[in-house]
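With PDB, C-alpha atoms inside, this is query_0.pdb:
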```
MODEL        1
ATOM      1  CA  MET B 273       6.622  -1.959  14.962
ATOM      2  CA  ALA B 274       6.150  -3.187  18.550
ATOM      3  CA  VAL B 275       4.853  -6.659  17.610
ATOM      4  CA  SER B 276       7.810  -7.668  15.453
ATOM      5  CA  ASP B 277      10.136  -6.331  18.158
ATOM      6  CA  VAL B 278       8.572  -8.800  20.583
ATOM      7  CA  LEU B 279       8.493 -11.800  18.245
ATOM      8  CA  TYR B 280      11.997 -11.249  16.823
ATOM      9  CA  PRO B 281      14.110  -9.600  19.557
ATOM     10  CA  ALA B 282      17.314  -9.818  17.524
ATOM     11  CA  SER B 283      15.815  -7.529  14.880
ATOM     12  CA  ARG B 284      14.834  -4.777  17.304
ATOM     13  CA  ASN B 285      17.738  -2.540  16.282
ATOM     14  CA  TRP B 286      17.461  -3.135  12.549
ATOM     15  CA  PRO B 287      16.596   0.052  10.635
ATOM     16  CA  LEU B 288      12.883   0.667  10.090
ATOM     17  CA  ILE B 289      11.794   1.209   6.501
ATOM     18  CA  SER B 290       9.171   3.666   7.738
ATOM     19  CA  ALA B 291      11.936   5.739   9.365
ATOM     20  CA  SER B 292      13.896   6.027   6.106
ATOM     21  CA  PRO B 293      13.705   9.295   4.131
ATOM     22  CA  VAL B 294      10.577   9.754   2.030
ATOM     23  CA  LEU B 295      11.201  10.078  -1.709
ATOM     24  CA  PRO B 296      10.659  13.783  -2.556
ATOM     25  CA  ALA B 297       7.427  14.326  -4.471
ATOM     26  CA  ASP B 298       9.082  16.058  -7.422
ATOM     27  CA  LYS B 299      11.619  13.256  -7.844
ATOM     28  CA  ARG B 300       8.904  10.610  -7.584
ATOM     29  CA  VAL B 301       6.915  12.311 -10.343
ATOM     30  CA  ALA B 302      10.033  12.534 -12.521
ATOM     31  CA  LEU B 303      10.705   8.803 -12.003
ATOM     32  CA  ASN B 304       7.145   7.548 -12.511
ATOM     33  CA  ASP B 305       7.642   6.303 -16.064
ATOM     34  CA  GLU B 306      10.974   4.615 -15.308
ATOM     35  CA  LEU B 307       9.641   2.879 -12.200
ATOM     36  CA  GLU B 308       6.524   1.665 -14.005
ATOM     37  CA  ARG B 309       8.628   0.252 -16.863
ATOM     38  CA  ALA B 310      10.843  -1.609 -14.391
ATOM     39  CA  TYR B 311       7.810  -3.037 -12.600
ATOM     40  CA  ARG B 312       6.129  -4.218 -15.808
ATOM     41  CA  ALA B 313       9.401  -5.662 -17.107
ATOM     42  CA  ALA B 314       9.628  -7.820 -13.952
ATOM     43  CA  LEU B 315       6.075  -9.107 -14.453
ATOM     44  CA  LYS B 316       6.807  -9.909 -18.107
ATOM     45  CA  LYS B 317      10.026 -11.697 -17.201
ATOM     46  CA  GLU B 318       8.233 -13.914 -14.712
ATOM     47  CA  LEU B 319       5.663 -14.965 -17.301
ATOM     48  CA  GLU B 320       8.388 -15.726 -19.845
ATOM     49  CA  GLN B 321      10.417 -17.763 -17.355
ATOM     50  CA  THR B 322       7.444 -19.810 -16.179
ATOM     51  CA  GLY B 323       5.789 -20.168 -19.580
ATOM     52  CA  ARG B 324       2.475 -18.877 -18.285
ATOM     53  CA  ALA B 325       0.005 -16.647 -20.076
ATOM     54  CA  ALA B 326      -0.995 -14.796 -16.908
ATOM     55  CA  LEU B 327      -0.311 -14.593 -13.186
ATOM     56  CA  SER B 328      -2.688 -16.184 -10.715
ATOM     57  CA  ALA B 329      -5.135 -14.037  -8.771
ATOM     58  CA  SER B 330      -3.041 -14.414  -5.593
ATOM     59  CA  GLU B 331       0.056 -13.116  -7.377
ATOM     60  CA  ASN B 332      -1.436 -10.335  -9.451
ATOM     61  CA  LEU B 333      -2.307  -6.791  -8.409
ATOM     62  CA  GLU B 334      -3.077  -5.698 -11.951
ATOM     63  CA  TRP B 335      -6.723  -5.884 -13.021
ATOM     64  CA  ALA B 336      -8.641  -4.643 -16.034
ATOM     65  CA  GLN B 337     -10.648  -2.378 -13.716
ATOM     66  CA  CYS B 338      -7.729  -1.347 -11.474
ATOM     67  CA  SER B 339      -3.969  -1.114 -12.009
ATOM     68  CA  PHE B 340      -1.827  -1.150  -8.873
ATOM     69  CA  ILE B 341       1.207   0.293 -10.633
ATOM     70  CA  GLN B 342      -0.814   3.232 -11.937
ATOM     71  CA  ARG B 343      -2.608   3.947  -8.688
ATOM     72  CA  VAL B 344       0.576   3.728  -6.650
ATOM     73  CA  PHE B 345       1.849   6.968  -8.198
ATOM     74  CA  GLU B 346      -1.197   8.972  -7.162
ATOM     75  CA  PRO B 347      -0.406  11.886  -4.783
ATOM     76  CA  THR B 348      -2.215  10.161  -1.910
ATOM     77  CA  GLU B 349       0.498   7.469  -1.824
ATOM     78  CA  ALA B 350       3.452   9.880  -1.817
ATOM     79  CA  THR B 351       4.558   9.209   1.765
ATOM     80  CA  THR B 352       4.766   5.432   1.232
ATOM     81  CA  PHE B 353       7.855   5.683  -1.013
ATOM     82  CA  HIS B 354      11.125   5.540   0.919
ATOM     83  CA  VAL B 355      14.754   5.924  -0.114
ATOM     84  CA  VAL B 356      17.073   3.324   1.414
ATOM     85  CA  ASP B 357      20.020   1.217   0.271
ATOM     86  CA  VAL B 358      18.372  -2.155   0.885
ATOM     87  CA  ASP B 359      21.148  -4.397  -0.468
ATOM     88  CA  LYS B 360      24.041  -2.182   0.707
ATOM     89  CA  ASP B 361      25.625  -1.921  -2.741
ATOM     90  CA  GLY B 362      26.146   1.840  -2.588
ATOM     91  CA  PHE B 363      23.145   2.685  -4.793
ATOM     92  CA  SER B 364      19.980   4.161  -3.274
ATOM     93  CA  ASP B 365      16.899   1.983  -3.715
ATOM     94  CA  ILE B 366      13.228   2.999  -3.680
ATOM     95  CA  VAL B 367      10.809   1.018  -1.521
ATOM     96  CA  TYR B 368       7.025   1.236  -1.710
ATOM     97  CA  THR B 369       5.371  -0.349   1.288
ATOM     98  CA  GLY B 370       1.705   0.386   1.817
ATOM     99  CA  SER B 371      -1.770  -0.520   0.599
ATOM    100  CA  ALA B 372      -2.221  -3.081  -2.185
ATOM    101  CA  LEU B 373      -4.704  -0.530  -3.572
ATOM    102  CA  CYS B 374      -6.453  -2.820  -6.068
ATOM    103  CA  SER B 375      -7.013  -5.607  -3.557
ATOM    104  CA  GLU B 376      -7.284  -6.058   0.191
ATOM    105  CA  GLY B 377      -4.156  -5.993   2.308
ATOM    106  CA  SER B 378      -0.704  -4.553   1.779
ATOM    107  CA  ALA B 379       2.069  -4.654  -0.796
ATOM    108  CA  THR B 380       5.798  -4.007  -1.049
ATOM    109  CA  VAL B 381       7.794  -3.232  -4.182
ATOM    110  CA  ILE B 382      11.555  -2.627  -4.199
ATOM    111  CA  TRP B 383      13.181  -0.767  -7.083
ATOM    112  CA  TYR B 384      16.910  -1.436  -6.855
ATOM    113  CA  GLY B 385      19.166   1.379  -7.940
ATOM    114  CA  THR B 386      21.951   0.508 -10.395
ATOM    115  CA  LYS B 387      24.396   2.495 -12.508
ATOM    116  CA  ASP B 388      21.940   2.058 -15.382
ATOM    117  CA  GLY B 389      18.752   3.016 -13.521
ATOM    118  CA  TYR B 390      16.173   1.130 -11.465
ATOM    119  CA  VAL B 391      15.239  -2.535 -11.707
ATOM    120  CA  VAL B 392      12.661  -4.709  -9.920
ATOM    121  CA  LYS B 393      14.234  -8.067  -9.045
ATOM    122  CA  GLN B 394      11.209  -9.617  -7.411
ATOM    123  CA  PRO B 395       8.800 -11.229  -9.884
ATOM    124  CA  THR B 396       5.798  -9.332  -8.553
ATOM    125  CA  SER B 397       4.791  -7.118  -5.661
ATOM    126  CA  TRP B 398       4.887  -8.997  -2.366
ATOM    127  CA  GLN B 399       1.562  -8.693  -0.592
ATOM    128  CA  VAL B 400       3.158  -7.937   2.764
ATOM    129  CA  LEU B 401       4.501  -4.846   4.485
ATOM    130  CA  LEU B 402       8.290  -4.662   4.706
ATOM    131  CA  LEU B 403       9.134  -3.493   8.239
ATOM    132  CA  ARG B 404      12.883  -3.794   8.807
ATOM    133  CA  VAL B 405      16.039  -4.672   6.871
ATOM    134  CA  ALA B 406      19.121  -6.019   8.651
ATOM    135  CA  PRO B 407      22.347  -3.987   8.501
ATOM    136  CA  ASN B 408      23.820  -6.728   6.275
ATOM    137  CA  GLY B 409      21.176  -5.982   3.636
ATOM    138  CA  HIS B 410      20.145  -9.635   3.512
ATOM    139  CA  GLU B 411      17.579 -10.427   6.230
ATOM    140  CA  VAL B 412      14.199  -8.724   6.546
ATOM    141  CA  ILE B 413      11.157  -8.563   8.826
ATOM    142  CA  SER B 414       7.718  -8.197   7.235
ATOM    143  CA  VAL B 415       4.049  -8.708   8.078
ATOM    144  CA  LYS B 416       0.916  -9.831   6.273
ATOM    145  CA  GLN B 417      -1.717  -7.856   8.093
ATOM    146  CA  GLY B 418      -5.195  -9.191   8.650
ATOM    147  CA  CYS B 419      -7.898  -6.890   7.396
ATOM    148  CA  CYS B 420     -11.659  -6.668   7.358
ATOM    149  CA  ALA B 421     -12.945  -9.848   9.033
ATOM    150  CA  MET B 422      -9.511 -11.460   9.378
ATOM    151  CA  LEU B 423      -8.416 -12.257  12.914
ATOM    152  CA  ALA B 424      -4.652 -12.771  12.608
ATOM    153  CA  ASP B 425      -1.510 -11.039  11.392
ATOM    154  CA  ILE B 426       1.376 -13.162  10.116
ATOM    155  CA  TYR B 427       4.953 -12.007  10.726
ATOM    156  CA  PHE B 428       7.973 -13.180   8.760
ATOM    157  CA  GLN B 429      11.742 -13.168   9.197
ATOM    158  CA  ASP B 430      13.509 -14.141   6.016
ATOM    159  CA  THR B 431      15.747 -12.890   3.239
ATOM    160  CA  VAL B 432      15.394  -9.940   0.909
ATOM    161  CA  ASP B 433      15.058 -12.451  -1.952
ATOM    162  CA  ASN B 434      11.999 -14.125  -0.434
ATOM    163  CA  PHE B 435      10.096 -12.483   2.411
ATOM    164  CA  ARG B 436       7.904 -15.505   3.143
ATOM    165  CA  ARG B 437       9.926 -18.675   2.700
ATOM    166  CA  ASP B 438      10.913 -19.862   6.164
ATOM    167  CA  SER B 439      10.096 -18.278   9.539
ATOM    168  CA  GLU B 440       6.407 -17.432  10.024
ATOM    169  CA  ILE B 441       4.555 -16.536  13.221
ATOM    170  CA  ALA B 442       0.824 -15.861  13.186
ATOM    171  CA  LEU B 443      -0.572 -13.779  16.015
ATOM    172  CA  LEU B 444      -4.208 -13.043  16.832
ATOM    173  CA  ALA B 445      -4.728  -9.322  16.371
ATOM    174  CA  LYS B 446      -6.339  -9.069  19.822
ATOM    175  CA  THR B 447      -3.284 -10.547  21.592
ATOM    176  CA  VAL B 448      -2.005  -8.520  24.543
ATOM    177  CA  LEU B 449       1.710  -7.745  24.197
ATOM    178  CA  PRO B 450       4.155  -7.862  27.125
ATOM    179  CA  LEU B 451       5.220  -4.618  28.746
ATOM    180  CA  LYS B 452       8.551  -6.222  29.635
ATOM    181  CA  LYS B 453      10.328  -7.383  26.476
ATOM    182  CA  TYR B 454      13.514  -9.426  26.628
ATOM    183  CA  SER B 455      16.573  -8.237  24.712
ATOM    184  CA  HIS B 456      17.352 -11.882  23.950
ATOM    185  CA  SER B 457      14.944 -14.806  23.857
ATOM    186  CA  LEU B 458      15.215 -17.634  26.413
ATOM    187  CA  GLN B 459      14.662 -21.293  25.608
ATOM    188  CA  PHE B 460      12.026 -23.270  27.533
ATOM    189  CA  LYS B 461      10.490 -26.724  27.835
ATOM    190  CA  ALA B 462       6.953 -27.248  29.144
ATOM    191  CA  LYS B 463       6.686 -29.290  32.341
ATOM    192  CA  ARG B 464       3.142 -30.410  31.533
ATOM    193  CA  ALA B 465       0.298 -29.813  29.101
ATOM    194  CA  VAL B 466      -0.057 -26.093  28.444
ATOM    195  CA  ALA B 467      -2.611 -23.749  26.931
ATOM    196  CA  LEU B 468      -1.333 -20.859  24.845
ATOM    197  CA  ARG B 469      -3.470 -17.764  25.500
ATOM    198  CA  SER B 470      -4.051 -14.364  23.914
ATOM    199  CA  SER B 471      -3.860 -12.550  27.273
ATOM    200  CA  PRO B 472      -2.113 -13.221  30.626
ATOM    201  CA  GLU B 473      -5.122 -14.651  32.445
ATOM    202  CA  GLN B 474      -6.951 -17.966  32.646
ATOM    203  CA  VAL B 475     -10.259 -17.711  30.779
ATOM    204  CA  ASP B 476     -11.685 -21.088  29.774
ATOM    205  CA  ALA B 477     -15.432 -20.586  29.259
ATOM    206  CA  TYR B 478     -16.928 -21.649  25.931
ATOM    207  CA  ASP B 479     -17.126 -18.678  23.552
ATOM    208  CA  ARG B 480     -20.247 -19.308  21.494
ATOM    209  CA  ILE B 481     -20.029 -16.144  19.378
ATOM    210  CA  GLN B 482     -16.424 -16.712  18.352
ATOM    211  CA  SER B 483     -17.039 -20.424  17.817
ATOM    212  CA  GLU B 484     -19.945 -19.793  15.472
ATOM    213  CA  TYR B 485     -17.937 -17.177  13.589
ATOM    214  CA  ILE B 486     -14.921 -19.381  12.823
ATOM    215  CA  GLU B 487     -16.895 -22.658  12.868
ATOM    216  CA  ARG B 488     -14.596 -24.207  15.463
ATOM    217  CA  ALA B 489     -14.882 -24.566  19.228
ATOM    218  CA  VAL B 490     -13.229 -21.654  21.034
ATOM    219  CA  PHE B 491     -12.736 -21.615  24.803
ATOM    220  CA  GLY B 492     -11.996 -18.306  26.467
ATOM    221  CA  ASN B 493      -8.620 -16.849  25.470
ATOM    222  CA  ILE B 494      -7.062 -20.189  24.480
ATOM    223  CA  VAL B 495      -5.458 -20.091  21.028
ATOM    224  CA  ARG B 496      -3.756 -23.508  21.138
ATOM    225  CA  LYS B 497      -3.161 -26.444  23.518
ATOM    226  CA  TYR B 498      -0.048 -28.618  23.726
ATOM    227  CA  LEU B 499       1.038 -31.888  25.347
ATOM    228  CA  PRO B 500       3.936 -31.870  27.854
ATOM    229  CA  GLY B 501       7.409 -31.429  26.400
ATOM    230  CA  THR B 502       6.627 -28.497  24.148
ATOM    231  CA  THR B 503       9.630 -26.253  23.478
ATOM    232  CA  GLY B 504      10.060 -22.691  22.324
ATOM    233  CA  THR B 505      11.337 -19.281  23.374
ATOM    234  CA  VAL B 506      10.312 -16.749  26.017
ATOM    235  CA  VAL B 507      10.452 -13.193  24.647
ATOM    236  CA  GLY B 508       8.677 -11.218  27.396
ATOM    237  CA  GLU B 509       6.760 -11.379  30.651
ATOM    238  CA  THR B 510       4.271  -9.699  32.952
ATOM    239  CA  THR B 511       2.739 -10.235  36.380
ATOM    240  CA  LYS B 512      -1.038 -10.211  36.797
ATOM    241  CA  ASN B 513      -2.989 -10.995  39.973
ATOM    242  CA  ASN B 514       0.281 -12.018  41.664
ATOM    243  CA  ARG B 515       0.998 -14.616  38.983
ATOM    244  CA  ARG B 516       3.976 -14.426  36.631
ATOM    245  CA  TRP B 517       3.240 -15.017  32.952
ATOM    246  CA  PHE B 518       5.674 -15.588  30.079
ATOM    247  CA  PHE B 519       4.991 -14.385  26.545
ATOM    248  CA  VAL B 520       6.294 -17.202  24.347
ATOM    249  CA  VAL B 521       6.780 -18.278  20.765
ATOM    250  CA  MET B 522       6.187 -22.003  20.433
ATOM    251  CA  GLY B 523       8.673 -23.878  18.261
ATOM    252  CA  GLU B 524       7.593 -24.673  14.720
ATOM    253  CA  LYS B 525       8.368 -28.368  15.221
ATOM    254  CA  ASN B 526       5.777 -28.892  17.984
ATOM    255  CA  ASN B 527       2.781 -29.540  15.737
ATOM    256  CA  LEU B 528       2.685 -33.223  16.731
ATOM    257  CA  LEU B 529       2.121 -32.137  20.341
ATOM    258  CA  VAL B 530      -0.945 -30.005  19.574
ATOM    259  CA  THR B 531      -4.236 -31.189  21.094
ATOM    260  CA  HIS B 532      -6.536 -28.231  20.379
ATOM    261  CA  ASP B 533      -6.067 -25.806  17.488
ATOM    262  CA  PRO B 534      -9.187 -23.682  16.864
ATOM    263  CA  TYR B 535      -7.565 -21.128  14.583
ATOM    264  CA  VAL B 536      -6.126 -23.515  11.993
ATOM    265  CA  GLY B 537      -8.190 -23.191   8.843
ATOM    266  CA  TYR B 538     -10.649 -20.758  10.355
ATOM    267  CA  ARG B 539     -12.842 -18.790   8.013
ATOM    268  CA  PRO B 540     -12.578 -16.339   6.317
ATOM    269  CA  HIS B 541      -8.774 -16.296   6.693
ATOM    270  CA  THR B 542      -6.944 -19.615   6.613
ATOM    271  CA  VAL B 543      -4.017 -20.159   8.930
ATOM    272  CA  SER B 544      -2.416 -23.558   8.646
ATOM    273  CA  GLY B 545       0.853 -25.423   8.862
ATOM    274  CA  ALA B 546       3.949 -23.496   9.924
ATOM    275  CA  ASP B 547       2.121 -20.177  10.078
ATOM    276  CA  THR B 548      -0.501 -21.248  12.605
ATOM    277  CA  VAL B 549      -1.039 -19.111  15.704
ATOM    278  CA  ARG B 550       1.849 -20.021  18.016
ATOM    279  CA  ALA B 551       2.635 -16.914  20.071
ATOM    280  CA  GLY B 552       0.930 -15.992  23.313
ATOM    281  CA  TRP B 553       0.887 -16.342  27.080
ATOM    282  CA  VAL B 554       1.680 -19.281  29.396
ATOM    283  CA  PRO B 555       2.025 -19.223  33.221
ATOM    284  CA  ALA B 556       5.725 -19.112  34.110
ATOM    285  CA  ASP B 557       5.381 -21.945  36.623
ATOM    286  CA  GLN B 558       4.418 -24.340  33.822
ATOM    287  CA  LEU B 559       7.710 -23.871  31.974
ATOM    288  CA  THR B 560      11.338 -24.739  32.675
ATOM    289  CA  LEU B 561      13.952 -22.396  31.266
ATOM    290  CA  VAL B 562      16.845 -24.258  29.660
ATOM    291  CA  GLN B 563      20.327 -23.286  28.563
ATOM    292  CA  LYS B 564      21.109 -23.185  24.854
TER     293      LYS B 564
ENDMDL
END
```
Would you put the structure from the file into C-alpha cells?
Amino acid sequence: MAVSDVLYPASRNWPLISASPVLPADKRVALNDELERAYRAALKKELEQTGRAALSASENLEWAQCSFIQRVFEPTEATTFHVVDVDKDGFSDIVYTGSALCSEGSATVIWYGTKDGYVVKQPTSWQVLLLRVAPNGHEVISVKQGCCAMLADIYFQDTVDNFRRDSEIALLAKTVLPLKKYSHSLQFKAKRAVALRSSPEQVDAYDRIQSEYIERAVFGNIVRKYLPGTTGTVVGETTKNNRRWFFVVMGEKNNLLVTHDPYVGYRPHTVSGADTVRAGWVPADQLTLVQK
C-alpha cells in the first residue's frame, strides 16, 4: 500500500496481509461453522461485559436484513481470507480484510488460532482494512477508506489490540504522493506561516464547487493553513517548475496553530480532532530541517 508506506516509513518493510497465503477454499468451507461461532461468541461477550442489549449502529455489521458473518463466507469473498501468525505465538491465524458487505466501507476480523481452535479476541469487526503487521506481532497499520461521496482516507498506526486508538492521519484521496520517498522521516519547523496542499504547486483561487459541496470555503489545493512554528516530519519530496517541495506530516499537537481548516467536519464525512487532514505538500524553502 503506497500511501501507508509514505506516511509511516518505518513500517515499509512490515509484512503485508494481502501478500500472506490465501486460506484454501476447501479449508475455509470446512471451518465456516467454527469461525462463525467464534465471531458470535465475541459479540455476545461484549454485550455481557458492557451490560448492553445491543451494539450501536456504528459497531454492528449484523442486521435483520443482512448478516455480515453469513455473507463473508460466500464464494465471492474467498480471496479475502489470509493465513498469517499475527501475534507470533506459533499458531496460524485467519484474517478477513475486505468489504464490510452489509454496510459501506471495509472490515477486518482476526480469528486467532489456539490449541483448542479459533477465537475472536476483538469485540466486533473493526471497520478498517488491516494492511501490515509488525514483525513483533504487536503494531499494525490499517486504513479507513473513504467511499462513495467521502473525500478522505484515514490511516492508523497502532496495536493489534486496538487499531484506532492513537496515531491517525487523514489524507484527501486526491492527494498527489511523492515519487521520492524517504527511508526515514526528517523533523522540521516552519519558518513562517505555511499552507498544506494536496499537490506540489501553488493554487489559491476560490473553489466554488468544492466549497458548496462541503459547505466550507476551499481555496485551490489548500487543505490546511498554519501559523509560524509548526512542526512535523518530512517523508518525501519532489521538484516541480524548478521549485523543491516537501511532502510532510504535520504534528498532531499543532492544532492551536491552525488558521484555516476547511476539511474539519465537512459533509458527508466528518474529519475532526486528531484525525484531521494533516499530510500534504509545503515548499521546502519554508521549512527548516532540525536534528532529533
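The residues returned by the PyMOL selection byres ((chain B and resi 356-368) around 6) on the shown structure are Thr352, Phe353, His354, Val355, Thr369, Thr380, Val381, Ile382, Trp383, Tyr384, Gly385 and Gly409 of chain B.
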Which neighbours of Ser457 (chain B) fall inside 6 Å, counting all atoms listed in the file, when residues of the same chain fewer than 3 positions from it are skipped, and could you give them as a PDB file with C-alpha atoms, in the coordinates of the input?
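After the write, part-v4.pdb holds the following:
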```pdb
ATOM      1  CA  THR B 505      11.337 -19.281  23.374  1.00  0.00           C
ATOM      2  CA  VAL B 506      10.312 -16.749  26.017  1.00  0.00           C
ATOM      3  CA  VAL B 507      10.452 -13.193  24.647  1.00  0.00           C
TER       4      VAL B 507
END
```
Selection near Val278 (chain B), 12 Å with all atoms listed in the file, sequence-local residues under 5 positions removed, as a PyMOL selection string
chain B and resi 273+283-285+427+441+443+448-457+505-509+519-521+551-552
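For the choices B:Lys316, B:Lys416, B:Lys463, B:Arg343, the atom-to-atom distance to Lys393 (chain B) is smallest for B:Lys316 when using only C-alpha atoms.
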Evaluating the PyMOL selection byres ((chain B and resi 560) around 8) on the displayed file yields which residues, as an MDAnalysis selection string?
chainID B and resid 460:463 557:559 561:562
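Proximity ranking of B:Val391, B:Ala274, B:Val405, B:Ala372 relative to Ser292 (chain B) places B:Val405 first, based on all atoms listed in the file.
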Among listed residues B:Glu524, B:Glu308, B:Asp388, B:Glu334, nearest Cys374 (chain B) (using only C-alpha atoms):
B:Glu334
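Taking CA of Lys387 (chain B) as the reference point, CA of Val301 (chain B) is found at 20.2 Å.
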Skipping near chain neighbours, those fewer than 5 positions away, what residues fall within 12 Å of Asn304 (chain B) using all atoms listed in the file, listed as a list in words?
Leu295, Ala297, Asp298, Lys299, Arg309, Ala310, Tyr311, Ile341, Gln342, Arg343, Val344, Phe345, Glu346, Pro347, Ala350, Phe353, Ile366, Trp383 and Tyr390 of chain B
Got time to write the residues from that selection, C-alpha atoms, as a short mmCIF file (atom, residue, chain, number, x, y, z; two decimals), keeping the file's coordinate frame?
```
data_model
loop_
_atom_site.label_atom_id
_atom_site.label_comp_id
_atom_site.auth_asym_id
_atom_site.auth_seq_id
_atom_site.Cartn_x
_atom_site.Cartn_y
_atom_site.Cartn_z
CA LEU B 295 11.20 10.08 -1.71
CA ALA B 297 7.43 14.33 -4.47
CA ASP B 298 9.08 16.06 -7.42
CA LYS B 299 11.62 13.26 -7.84
CA ARG B 309 8.63 0.25 -16.86
CA ALA B 310 10.84 -1.61 -14.39
CA TYR B 311 7.81 -3.04 -12.60
CA ILE B 341 1.21 0.29 -10.63
CA GLN B 342 -0.81 3.23 -11.94
CA ARG B 343 -2.61 3.95 -8.69
CA VAL B 344 0.58 3.73 -6.65
CA PHE B 345 1.85 6.97 -8.20
CA GLU B 346 -1.20 8.97 -7.16
CA PRO B 347 -0.41 11.89 -4.78
CA ALA B 350 3.45 9.88 -1.82
CA PHE B 353 7.86 5.68 -1.01
CA ILE B 366 13.23 3.00 -3.68
CA TRP B 383 13.18 -0.77 -7.08
CA TYR B 390 16.17 1.13 -11.46
#
```
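When only C-alpha atoms are used to compute distances to Trp286 (chain B), the closest of the residues B:Arg404, B:Arg312, B:Lys317, B:Arg300 turns out to be B:Arg404.
For the file at hand, the PyMOL selection byres ((chain B and resi 491) around 6) resolves to Asp476, Ala477, Tyr478, Asp479, Val490, Gly492 and Ile494 of chain B.
In this structure, CA of Val536 (chain B) sits 25.5 Å away from CA of Leu403 (chain B).
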Can you work out the spacing between CA of Asn408 (chain B) and CA of Pro281 (chain B) in Å, to one decimal?
16.7 Å
Which residue out of B:Lys512, B:Ala336, B:Asp430, B:Leu423 has the minimum interatomic distance to Thr548 (chain B) when all atoms listed in the file are used?
B:Leu423
From the options B:Leu319, B:Ile481, B:Val554, B:Ala445, which residue's atoms come nearest to Arg496 (chain B), counting only C-alpha atoms?
B:Val554
Grab all the atoms of region 481-484 of chain B that the file lists, wrap them in a box along x, y and z, add 3 Å per side, and give me centre plus edge lengths in Å (one decimal) as lines of an AutoDock Vina configuration file.
```
center_x = -18.2
center_y = -18.3
center_z = 17.4
size_x = 9.6
size_y = 10.3
size_z = 9.9
```
Could you please fill out region 276-292 of chain B with N, CA and C atoms and send it back as a JSON list (two decimals), keeping the file's coordinate frame?
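The result, written out as selection-v4.json:
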```json
[["chain", "number", "residue", "atom", "x", "y", "z"],
["B", 276, "SER", "N", 6.64, -6.98, 15.99],
["B", 276, "SER", "CA", 7.81, -7.67, 15.45],
["B", 276, "SER", "C", 8.99, -7.57, 16.41],
["B", 277, "ASP", "N", 9.08, -6.47, 17.17],
["B", 277, "ASP", "CA", 10.14, -6.33, 18.16],
["B", 277, "ASP", "C", 10.03, -7.40, 19.24],
["B", 278, "VAL", "N", 8.79, -7.77, 19.57],
["B", 278, "VAL", "CA", 8.57, -8.80, 20.58],
["B", 278, "VAL", "C", 8.87, -10.18, 20.01],
["B", 279, "LEU", "N", 8.35, -10.47, 18.83],
["B", 279, "LEU", "CA", 8.49, -11.80, 18.24],
["B", 279, "LEU", "C", 9.91, -12.10, 17.79],
["B", 280, "TYR", "N", 10.63, -11.07, 17.33],
["B", 280, "TYR", "CA", 12.00, -11.25, 16.82],
["B", 280, "TYR", "C", 12.93, -10.26, 17.53],
["B", 281, "PRO", "N", 13.31, -10.55, 18.78],
["B", 281, "PRO", "CA", 14.11, -9.60, 19.56],
["B", 281, "PRO", "C", 15.42, -9.20, 18.88],
["B", 282, "ALA", "N", 16.03, -10.11, 18.16],
["B", 282, "ALA", "CA", 17.31, -9.82, 17.52],
["B", 282, "ALA", "C", 17.21, -8.74, 16.45],
["B", 283, "SER", "N", 16.00, -8.51, 15.95],
["B", 283, "SER", "CA", 15.82, -7.53, 14.88],
["B", 283, "SER", "C", 15.44, -6.15, 15.41],
["B", 284, "ARG", "N", 15.37, -6.01, 16.71],
["B", 284, "ARG", "CA", 14.83, -4.78, 17.30],
["B", 284, "ARG", "C", 15.61, -3.53, 16.89],
["B", 285, "ASN", "N", 16.90, -3.69, 16.65],
["B", 285, "ASN", "CA", 17.74, -2.54, 16.28],
["B", 285, "ASN", "C", 17.98, -2.42, 14.78],
["B", 286, "TRP", "N", 17.34, -3.28, 14.01],
["B", 286, "TRP", "CA", 17.46, -3.14, 12.55],
["B", 286, "TRP", "C", 16.73, -1.86, 12.10],
["B", 287, "PRO", "N", 17.24, -1.19, 11.10],
["B", 287, "PRO", "CA", 16.60, 0.05, 10.64],
["B", 287, "PRO", "C", 15.16, -0.19, 10.15],
["B", 288, "LEU", "N", 14.27, 0.71, 10.54],
["B", 288, "LEU", "CA", 12.88, 0.67, 10.09],
["B", 288, "LEU", "C", 12.75, 1.30, 8.71],
["B", 289, "ILE", "N", 12.06, 0.62, 7.81],
["B", 289, "ILE", "CA", 11.79, 1.21, 6.50],
["B", 289, "ILE", "C", 10.99, 2.51, 6.66],
["B", 290, "SER", "N", 10.03, 2.49, 7.55],
["B", 290, "SER", "CA", 9.17, 3.67, 7.74],
["B", 290, "SER", "C", 9.94, 4.87, 8.26],
["B", 291, "ALA", "N", 11.12, 4.64, 8.85],
["B", 291, "ALA", "CA", 11.94, 5.74, 9.36],
["B", 291, "ALA", "C", 12.94, 6.25, 8.33],
["B", 292, "SER", "N", 12.99, 5.60, 7.17],
["B", 292, "SER", "CA", 13.90, 6.03, 6.11],
["B", 292, "SER", "C", 13.34, 7.28, 5.43]]
```
